[in-house]
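Chemist: Input: one structure, supplied below.
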Amino acid sequence: MGKGYRKVILVCVCLCLPVIPAWAQGGVPFEMDAVSVRTPEGLDTRLDLYTQIPYSSLSFISTPDGFQASYEVLAEVRVLDERSRPATMVASSIWEQSARVASFALTQSDDFSDYSTHSLELAPSGYLVSIQVTDKNSGQTFVRELPVEVRDLSAPVVLSDIVLLKEFDNETNTIYPHVSHELEANLLTFQIFYEVYVDVPQEVQVVREVVPLRRGRSALRRMGRTLLGLGDEQTALASLFSDTETTVLDAGRHQTVSLIPLNEFDMGDYVVRVRLEDVEGTVLDVSERTFSARWTGLATHLVDLEQAIDQLVYCAKNRDIRAIRNAPSQAERLQRFEDFWQKRDPTPGTGRNERMEEYYYRIDLANRKFGSFVPGWKTDRGHVLILHGYPDDVKRQTFSFDAEPWEIWYYYRIGRQFIFIDKTGFGDFELVVPIWDERTRIR
């Protein structure tokens, strides 16, 4: 995707993307991505493959120059049949990678990674891409699979796939891909990169937008790959961000980096879309990419330990809270608080406790959405949100002359519904039936 894009394999940058060590948790210790582009030589298509492996997932050996890891990457591509099942292998390639660091501490880091990139020329079709990474020092092998759609890029005006960016260097025109479909929900902005291929000079409108992704609609292209046939359906959902640019494009390849605001997005799944239109509004091409906004830190939430202990009320027994409170010192109180969450860590041995992060993220979200005279986490709607997350569906009546405002939250995945009524008219929605009551079951 241009000379600058190639530079990404020559550098190691800091990414906050902790991954569970495979040898400790049985997980897959690397991220992968695949991007369809037009080859520089003509109208053929190329699939660029990217991997990101945290240093903590590699085995380093000591050398006179520091610590070194070596691994081999095997990519195998199988075409998908009419039932979207992998069939004939159409491409296979192997490449070698190595990483060198100066200190032992870096070899244990989840925050620094090694990157690789490799390109395969493929005809437009659906494929299953399998990436196998073999650590040469330990002999361990890890595999990930990714279904992708190599789009037909032979039209006179056409878009490449969209790449999420970690960083863009204006001085060197170098991009650093974000090799994951997950973004930190507390980021203020993120960047995307895409190319536009034009055979004949033309004036076009470039529309960029972000819309929420419906639940259950992301299975077709997991891990953030291009969505097939979802463009029309997604237009029915309100855009959270949209901008339009009119420009005249000369014949050739045009590389674009765009800034997308993220600070107003809640945690969840989204589609970022770039659409090309002619001056009359006719759609020339559309490229889409899914991503997930996830909370990956607690710095803005856990500013008050006493409050954080109070907020355990929805997930801890009274005796557990008393045991933490009755600690003889502040240091011991903090230790008992950390021990409480450590016992509930779904991925022990890593730098993250996803269950704790999710819990306090939901508390923060409840405060932002439902807080007024009472903190949002203490409200009935906040209580339900913290325990069960986002509802699958919400029905509401905001105002009526003969009825009080009400909301019904449906959780089809657990077979529950919760009814809230605003009896005061000031947004103080009260739960009609207690959260534990069997009458909340959907019949």
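Simple scheme: letters A, B, ... for chains in structure tokens order, numbers from 1 for residues in each chain, numbers from 1 for ligands in the order shown.
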If you count only C-alpha atoms, which residues fall within 6 Å of range 146-159 of chain A, apart from same-chain ones fewer than 6 positions away, as a ChimeraX atom specification?

Modeler: /A:36,43,124-129,195-199,285

Chemist: DSSP on the backbone: which residues in range 252-385 of chain A end up as strand (DSSP E or B)? Give the answer as a compact mmCIF listing (two decimals) with N, CA, C and O atoms, in the first residue's frame.

Modeler:
# COMPACT_ATOMS: atom_id res chain seq x y z
N GLY A 252 -4.72 7.62 -10.99
CA GLY A 252 -3.64 7.03 -10.19
C GLY A 252 -4.12 6.56 -8.83
O GLY A 252 -5.31 6.37 -8.59
N ARG A 253 -3.17 6.39 -7.92
CA ARG A 253 -3.40 5.88 -6.57
C ARG A 253 -3.37 7.05 -5.59
O ARG A 253 -2.43 7.84 -5.58
N HIS A 254 -4.39 7.14 -4.74
CA HIS A 254 -4.48 8.22 -3.77
C HIS A 254 -4.58 7.63 -2.37
O HIS A 254 -5.51 6.88 -2.07
N GLN A 255 -3.62 7.95 -1.52
CA GLN A 255 -3.58 7.44 -0.16
C GLN A 255 -4.11 8.50 0.79
O GLN A 255 -3.74 9.68 0.70
N THR A 256 -4.98 8.09 1.72
CA THR A 256 -5.65 9.05 2.61
C THR A 256 -5.60 8.55 4.05
O THR A 256 -5.85 7.37 4.32
N VAL A 257 -5.29 9.46 4.96
CA VAL A 257 -5.39 9.22 6.39
C VAL A 257 -6.47 10.15 6.94
O VAL A 257 -6.41 11.36 6.73
N SER A 258 -7.47 9.60 7.60
CA SER A 258 -8.58 10.39 8.14
C SER A 258 -8.68 10.20 9.64
O SER A 258 -8.48 9.11 10.16
N LEU A 259 -9.04 11.29 10.31
CA LEU A 259 -9.19 11.29 11.76
C LEU A 259 -10.67 11.13 12.12
O LEU A 259 -11.52 11.85 11.60
N ILE A 260 -10.97 10.18 13.01
CA ILE A 260 -12.34 9.90 13.42
C ILE A 260 -12.45 10.13 14.93
O ILE A 260 -11.67 9.57 15.70
N PRO A 261 -13.41 10.96 15.38
CA PRO A 261 -13.57 11.14 16.84
C PRO A 261 -14.15 9.90 17.48
O PRO A 261 -15.02 9.23 16.91
N GLY A 268 -18.69 -0.86 22.60
CA GLY A 268 -19.54 -1.67 21.75
C GLY A 268 -18.90 -1.90 20.39
O GLY A 268 -17.71 -1.62 20.20
N ASP A 269 -19.69 -2.40 19.45
CA ASP A 269 -19.21 -2.74 18.11
C ASP A 269 -19.75 -1.73 17.10
O ASP A 269 -20.92 -1.33 17.15
N TYR A 270 -18.87 -1.37 16.14
CA TYR A 270 -19.22 -0.32 15.19
C TYR A 270 -18.72 -0.68 13.79
O TYR A 270 -17.89 -1.58 13.62
N VAL A 271 -19.23 0.06 12.81
CA VAL A 271 -18.75 -0.03 11.44
C VAL A 271 -18.26 1.34 11.03
O VAL A 271 -18.98 2.33 11.15
N VAL A 272 -17.02 1.42 10.55
CA VAL A 272 -16.53 2.64 9.92
C VAL A 272 -16.59 2.41 8.42
O VAL A 272 -16.15 1.38 7.92
N ARG A 273 -17.17 3.38 7.71
CA ARG A 273 -17.46 3.21 6.29
C ARG A 273 -16.93 4.41 5.50
O ARG A 273 -17.07 5.55 5.93
N VAL A 274 -16.35 4.13 4.35
CA VAL A 274 -15.98 5.17 3.39
C VAL A 274 -16.77 4.90 2.11
O VAL A 274 -16.75 3.78 1.59
N ARG A 275 -17.45 5.93 1.62
CA ARG A 275 -18.28 5.79 0.43
C ARG A 275 -17.88 6.83 -0.61
O ARG A 275 -17.72 8.01 -0.28
N LEU A 276 -17.70 6.40 -1.85
CA LEU A 276 -17.40 7.29 -2.95
C LEU A 276 -18.66 7.52 -3.78
O LEU A 276 -19.34 6.56 -4.15
N GLU A 277 -18.96 8.79 -4.08
CA GLU A 277 -20.11 9.14 -4.90
C GLU A 277 -19.67 10.11 -5.99
O GLU A 277 -18.73 10.88 -5.80
N VAL A 283 -23.57 6.20 -6.01
CA VAL A 283 -22.50 5.51 -5.27
C VAL A 283 -21.59 4.79 -6.25
O VAL A 283 -22.05 3.97 -7.06
N LEU A 284 -20.29 5.07 -6.15
CA LEU A 284 -19.29 4.43 -7.00
C LEU A 284 -18.67 3.22 -6.33
O LEU A 284 -18.40 2.21 -6.97
N ASP A 285 -18.42 3.32 -5.03
CA ASP A 285 -17.84 2.20 -4.29
C ASP A 285 -17.99 2.46 -2.80
O ASP A 285 -18.10 3.62 -2.36
N VAL A 286 -17.98 1.38 -2.02
CA VAL A 286 -18.08 1.45 -0.57
C VAL A 286 -17.07 0.48 0.04
O VAL A 286 -16.94 -0.65 -0.43
N SER A 287 -16.37 0.93 1.06
CA SER A 287 -15.49 0.05 1.83
C SER A 287 -15.87 0.17 3.30
O SER A 287 -16.08 1.28 3.80
N GLU A 288 -15.96 -0.97 3.97
CA GLU A 288 -16.41 -1.00 5.36
C GLU A 288 -15.44 -1.80 6.22
O GLU A 288 -14.79 -2.72 5.75
N ARG A 289 -15.43 -1.42 7.50
CA ARG A 289 -14.56 -2.11 8.44
C ARG A 289 -15.23 -2.09 9.81
O ARG A 289 -15.70 -1.05 10.25
N THR A 290 -15.32 -3.23 10.46
CA THR A 290 -15.85 -3.26 11.82
C THR A 290 -14.73 -3.04 12.82
O THR A 290 -13.57 -3.34 12.58
N PHE A 291 -15.10 -2.50 13.97
CA PHE A 291 -14.16 -2.39 15.09
C PHE A 291 -14.96 -2.40 16.38
O PHE A 291 -16.17 -2.17 16.39
N SER A 292 -14.28 -2.70 17.47
CA SER A 292 -14.90 -2.73 18.79
C SER A 292 -14.22 -1.71 19.68
O SER A 292 -12.99 -1.63 19.71
N ALA A 293 -15.02 -0.93 20.38
CA ALA A 293 -14.50 -0.01 21.39
C ALA A 293 -14.56 -0.74 22.73
O ALA A 293 -15.62 -1.14 23.19
N ARG A 294 -13.41 -0.94 23.32
CA ARG A 294 -13.30 -1.68 24.57
C ARG A 294 -12.52 -0.86 25.59
O ARG A 294 -11.57 -0.18 25.25

Chemist: If we count only C-alpha atoms and set the cut-off at 9 Å, which residues sit around Lys166 in chain A, ignoring sequence neighbours fewer than 5 positions away in its own chain? Please answer as an NGL selection string.

Modeler: :A and (15 or 175-179 or 190-192)

Chemist: Please provide as a VMD selection string all residues within 6 Å of range 411-415 of chain A, with the sequence filter that same-chain residues fewer than 2 positions apart are discarded (counting only C-alpha atoms).

Modeler: chain A and resid 391 to 392 417 441 to 442

Chemist: Just to be explicit: take each residue in the selection above, keep C-alpha atoms, and write the result as a CSV table (one decimal), in the first residue's frame.

Modeler:
chain,number,residue,atom,x,y,z
A,391,PRO,CA,-29.8,-4.5,26.8
A,392,ASP,CA,-30.5,-6.3,23.5
A,417,GLN,CA,-36.9,-8.0,30.8
A,441,ARG,CA,-38.4,-13.6,33.0
A,442,ILE,CA,-39.6,-13.3,29.4

Chemist: If you run DSSP on this backbone, which residues of range 228-362 of chain A come out as alpha helix (DSSP H), and could you give them as a PDB file with N, CA and C atoms, in the first residue's frame?

Modeler:
ATOM      1  N   GLY A 231     -24.198  -2.990   3.984  1.00  0.00           N
ATOM      2  CA  GLY A 231     -24.243  -1.546   3.795  1.00  0.00           C
ATOM      3  C   GLY A 231     -25.649  -0.983   3.867  1.00  0.00           C
ATOM      4  N   ASP A 232     -26.604  -1.597   3.151  1.00  0.00           N
ATOM      5  CA  ASP A 232     -27.969  -1.089   3.132  1.00  0.00           C
ATOM      6  C   ASP A 232     -28.616  -1.183   4.502  1.00  0.00           C
ATOM      7  N   GLU A 233     -28.386  -2.310   5.181  1.00  0.00           N
ATOM      8  CA  GLU A 233     -28.998  -2.486   6.499  1.00  0.00           C
ATOM      9  C   GLU A 233     -28.458  -1.470   7.489  1.00  0.00           C
ATOM     10  N   GLN A 234     -27.159  -1.187   7.417  1.00  0.00           N
ATOM     11  CA  GLN A 234     -26.565  -0.289   8.394  1.00  0.00           C
ATOM     12  C   GLN A 234     -27.037   1.149   8.210  1.00  0.00           C
ATOM     13  N   LEU A 305     -10.534   4.858  46.404  1.00  0.00           N
ATOM     14  CA  LEU A 305     -10.634   3.464  46.826  1.00  0.00           C
ATOM     15  C   LEU A 305     -11.900   3.228  47.638  1.00  0.00           C
ATOM     16  N   GLU A 306     -12.246   4.163  48.529  1.00  0.00           N
ATOM     17  CA  GLU A 306     -13.435   3.970  49.358  1.00  0.00           C
ATOM     18  C   GLU A 306     -14.685   3.873  48.498  1.00  0.00           C
ATOM     19  N   GLN A 307     -14.757   4.705  47.472  1.00  0.00           N
ATOM     20  CA  GLN A 307     -15.898   4.645  46.582  1.00  0.00           C
ATOM     21  C   GLN A 307     -15.907   3.346  45.786  1.00  0.00           C
ATOM     22  N   ALA A 308     -14.717   2.914  45.339  1.00  0.00           N
ATOM     23  CA  ALA A 308     -14.628   1.656  44.591  1.00  0.00           C
ATOM     24  C   ALA A 308     -15.089   0.484  45.441  1.00  0.00           C
ATOM     25  N   ILE A 309     -14.814   0.536  46.748  1.00  0.00           N
ATOM     26  CA  ILE A 309     -15.282  -0.518  47.647  1.00  0.00           C
ATOM     27  C   ILE A 309     -16.800  -0.446  47.791  1.00  0.00           C
ATOM     28  N   ASP A 310     -17.348   0.770  47.928  1.00  0.00           N
ATOM     29  CA  ASP A 310     -18.805   0.933  47.978  1.00  0.00           C
ATOM     30  C   ASP A 310     -19.463   0.311  46.750  1.00  0.00           C
ATOM     31  N   ASN A 318     -21.832  -9.218  51.473  1.00  0.00           N
ATOM     32  CA  ASN A 318     -21.621  -8.229  52.536  1.00  0.00           C
ATOM     33  C   ASN A 318     -20.382  -8.547  53.359  1.00  0.00           C
ATOM     34  N   ARG A 319     -20.142  -9.826  53.602  1.00  0.00           N
ATOM     35  CA  ARG A 319     -18.971 -10.191  54.413  1.00  0.00           C
ATOM     36  C   ARG A 319     -17.666  -9.877  53.687  1.00  0.00           C
ATOM     37  N   ASP A 320     -17.672  -9.982  52.351  1.00  0.00           N
ATOM     38  CA  ASP A 320     -16.467  -9.632  51.596  1.00  0.00           C
ATOM     39  C   ASP A 320     -16.187  -8.132  51.686  1.00  0.00           C
ATOM     40  N   ILE A 321     -17.242  -7.330  51.585  1.00  0.00           N
ATOM     41  CA  ILE A 321     -17.063  -5.878  51.673  1.00  0.00           C
ATOM     42  C   ILE A 321     -16.614  -5.492  53.075  1.00  0.00           C
ATOM     43  N   ARG A 322     -17.215  -6.120  54.102  1.00  0.00           N
ATOM     44  CA  ARG A 322     -16.798  -5.819  55.481  1.00  0.00           C
ATOM     45  C   ARG A 322     -15.343  -6.191  55.704  1.00  0.00           C
ATOM     46  N   ALA A 323     -14.916  -7.319  55.137  1.00  0.00           N
ATOM     47  CA  ALA A 323     -13.527  -7.747  55.321  1.00  0.00           C
ATOM     48  C   ALA A 323     -12.559  -6.732  54.713  1.00  0.00           C
ATOM     49  N   ILE A 324     -12.913  -6.155  53.588  1.00  0.00           N
ATOM     50  CA  ILE A 324     -12.052  -5.152  52.964  1.00  0.00           C
ATOM     51  C   ILE A 324     -12.059  -3.876  53.805  1.00  0.00           C
ATOM     52  N   ARG A 325     -13.238  -3.451  54.232  1.00  0.00           N
ATOM     53  CA  ARG A 325     -13.351  -2.207  55.010  1.00  0.00           C
ATOM     54  C   ARG A 325     -12.629  -2.299  56.351  1.00  0.00           C
ATOM     55  N   GLN A 330      -4.754   1.569  55.310  1.00  0.00           N
ATOM     56  CA  GLN A 330      -5.145   1.848  53.934  1.00  0.00           C
ATOM     57  C   GLN A 330      -4.435   0.909  52.967  1.00  0.00           C
ATOM     58  N   ALA A 331      -3.161   0.635  53.236  1.00  0.00           N
ATOM     59  CA  ALA A 331      -2.404  -0.262  52.365  1.00  0.00           C
ATOM     60  C   ALA A 331      -3.010  -1.667  52.375  1.00  0.00           C
ATOM     61  N   GLU A 332      -3.401  -2.137  53.555  1.00  0.00           N
ATOM     62  CA  GLU A 332      -4.007  -3.470  53.651  1.00  0.00           C
ATOM     63  C   GLU A 332      -5.387  -3.481  52.999  1.00  0.00           C
ATOM     64  N   ARG A 333      -6.112  -2.364  53.120  1.00  0.00           N
ATOM     65  CA  ARG A 333      -7.429  -2.275  52.489  1.00  0.00           C
ATOM     66  C   ARG A 333      -7.292  -2.398  50.969  1.00  0.00           C
ATOM     67  N   LEU A 334      -6.300  -1.706  50.417  1.00  0.00           N
ATOM     68  CA  LEU A 334      -6.048  -1.789  48.984  1.00  0.00           C
ATOM     69  C   LEU A 334      -5.663  -3.207  48.586  1.00  0.00           C
ATOM     70  N   GLN A 335      -4.825  -3.862  49.415  1.00  0.00           N
ATOM     71  CA  GLN A 335      -4.401  -5.214  49.106  1.00  0.00           C
ATOM     72  C   GLN A 335      -5.592  -6.173  49.100  1.00  0.00           C
ATOM     73  N   ARG A 336      -6.490  -6.026  50.060  1.00  0.00           N
ATOM     74  CA  ARG A 336      -7.658  -6.905  50.112  1.00  0.00           C
ATOM     75  C   ARG A 336      -8.597  -6.643  48.924  1.00  0.00           C
ATOM     76  N   PHE A 337      -8.703  -5.369  48.532  1.00  0.00           N
ATOM     77  CA  PHE A 337      -9.503  -5.022  47.353  1.00  0.00           C
ATOM     78  C   PHE A 337      -8.919  -5.692  46.114  1.00  0.00           C
ATOM     79  N   GLU A 338      -7.606  -5.611  45.958  1.00  0.00           N
ATOM     80  CA  GLU A 338      -6.956  -6.232  44.805  1.00  0.00           C
ATOM     81  C   GLU A 338      -7.078  -7.751  44.858  1.00  0.00           C
ATOM     82  N   ASP A 339      -6.987  -8.330  46.044  1.00  0.00           N
ATOM     83  CA  ASP A 339      -7.129  -9.783  46.182  1.00  0.00           C
ATOM     84  C   ASP A 339      -8.536 -10.227  45.780  1.00  0.00           C
ATOM     85  N   PHE A 340      -9.536  -9.427  46.149  1.00  0.00           N
ATOM     86  CA  PHE A 340     -10.915  -9.754  45.780  1.00  0.00           C
ATOM     87  C   PHE A 340     -11.047  -9.891  44.272  1.00  0.00           C
ATOM     88  N   TRP A 341     -10.497  -8.936  43.529  1.00  0.00           N
ATOM     89  CA  TRP A 341     -10.620  -8.975  42.080  1.00  0.00           C
ATOM     90  C   TRP A 341      -9.679  -9.992  41.443  1.00  0.00           C
ATOM     91  N   GLN A 342      -8.535 -10.218  42.071  1.00  0.00           N
ATOM     92  CA  GLN A 342      -7.604 -11.200  41.523  1.00  0.00           C
ATOM     93  C   GLN A 342      -8.220 -12.597  41.512  1.00  0.00           C
ATOM     94  N   GLU A 354      -9.881  -8.407  33.039  1.00  0.00           N
ATOM     95  CA  GLU A 354     -10.976  -7.961  32.179  1.00  0.00           C
ATOM     96  C   GLU A 354     -12.300  -7.848  32.922  1.00  0.00           C
ATOM     97  N   ARG A 355     -12.536  -8.716  33.900  1.00  0.00           N
ATOM     98  CA  ARG A 355     -13.797  -8.657  34.636  1.00  0.00           C
ATOM     99  C   ARG A 355     -13.875  -7.390  35.481  1.00  0.00           C
ATOM    100  N   MET A 356     -12.767  -7.032  36.112  1.00  0.00           N
ATOM    101  CA  MET A 356     -12.728  -5.806  36.905  1.00  0.00           C
ATOM    102  C   MET A 356     -12.881  -4.580  36.006  1.00  0.00           C
ATOM    103  N   GLU A 357     -12.198  -4.589  34.859  1.00  0.00           N
ATOM    104  CA  GLU A 357     -12.298  -3.476  33.926  1.00  0.00           C
ATOM    105  C   GLU A 357     -13.733  -3.285  33.454  1.00  0.00           C
ATOM    106  N   GLU A 358     -14.379  -4.383  33.092  1.00  0.00           N
ATOM    107  CA  GLU A 358     -15.754  -4.313  32.593  1.00  0.00           C
ATOM    108  C   GLU A 358     -16.685  -3.776  33.670  1.00  0.00           C
ATOM    109  N   TYR A 359     -16.514  -4.232  34.895  1.00  0.00           N
ATOM    110  CA  TYR A 359     -17.392  -3.820  35.987  1.00  0.00           C
ATOM    111  C   TYR A 359     -17.311  -2.318  36.221  1.00  0.00           C
ATOM    112  N   TYR A 360     -16.085  -1.808  36.326  1.00  0.00           N
ATOM    113  CA  TYR A 360     -15.946  -0.382  36.612  1.00  0.00           C
ATOM    114  C   TYR A 360     -16.184   0.477  35.376  1.00  0.00           C
ATOM    115  N   TYR A 361     -16.024  -0.085  34.204  1.00  0.00           N
ATOM    116  CA  TYR A 361     -16.441   0.643  33.011  1.00  0.00           C
ATOM    117  C   TYR A 361     -17.954   0.842  33.031  1.00  0.00           C
ATOM    118  N   ARG A 362     -18.707  -0.204  33.385  1.00  0.00           N
ATOM    119  CA  ARG A 362     -20.158  -0.089  33.424  1.00  0.00           C
ATOM    120  C   ARG A 362     -20.606   0.911  34.484  1.00  0.00           C
TER     121      ARG A 362
END

Chemist: Residues within 9 Å of His383 in chain A, please, as a list in words. Count only C-alpha atoms; anything in the same chain fewer than 4 positions from it doesn't count.

Modeler: Tyr314, Ile363, Ala366, Gly376, Trp377, Lys378, Thr379, Leu387, His388 and Ile435 of chain A
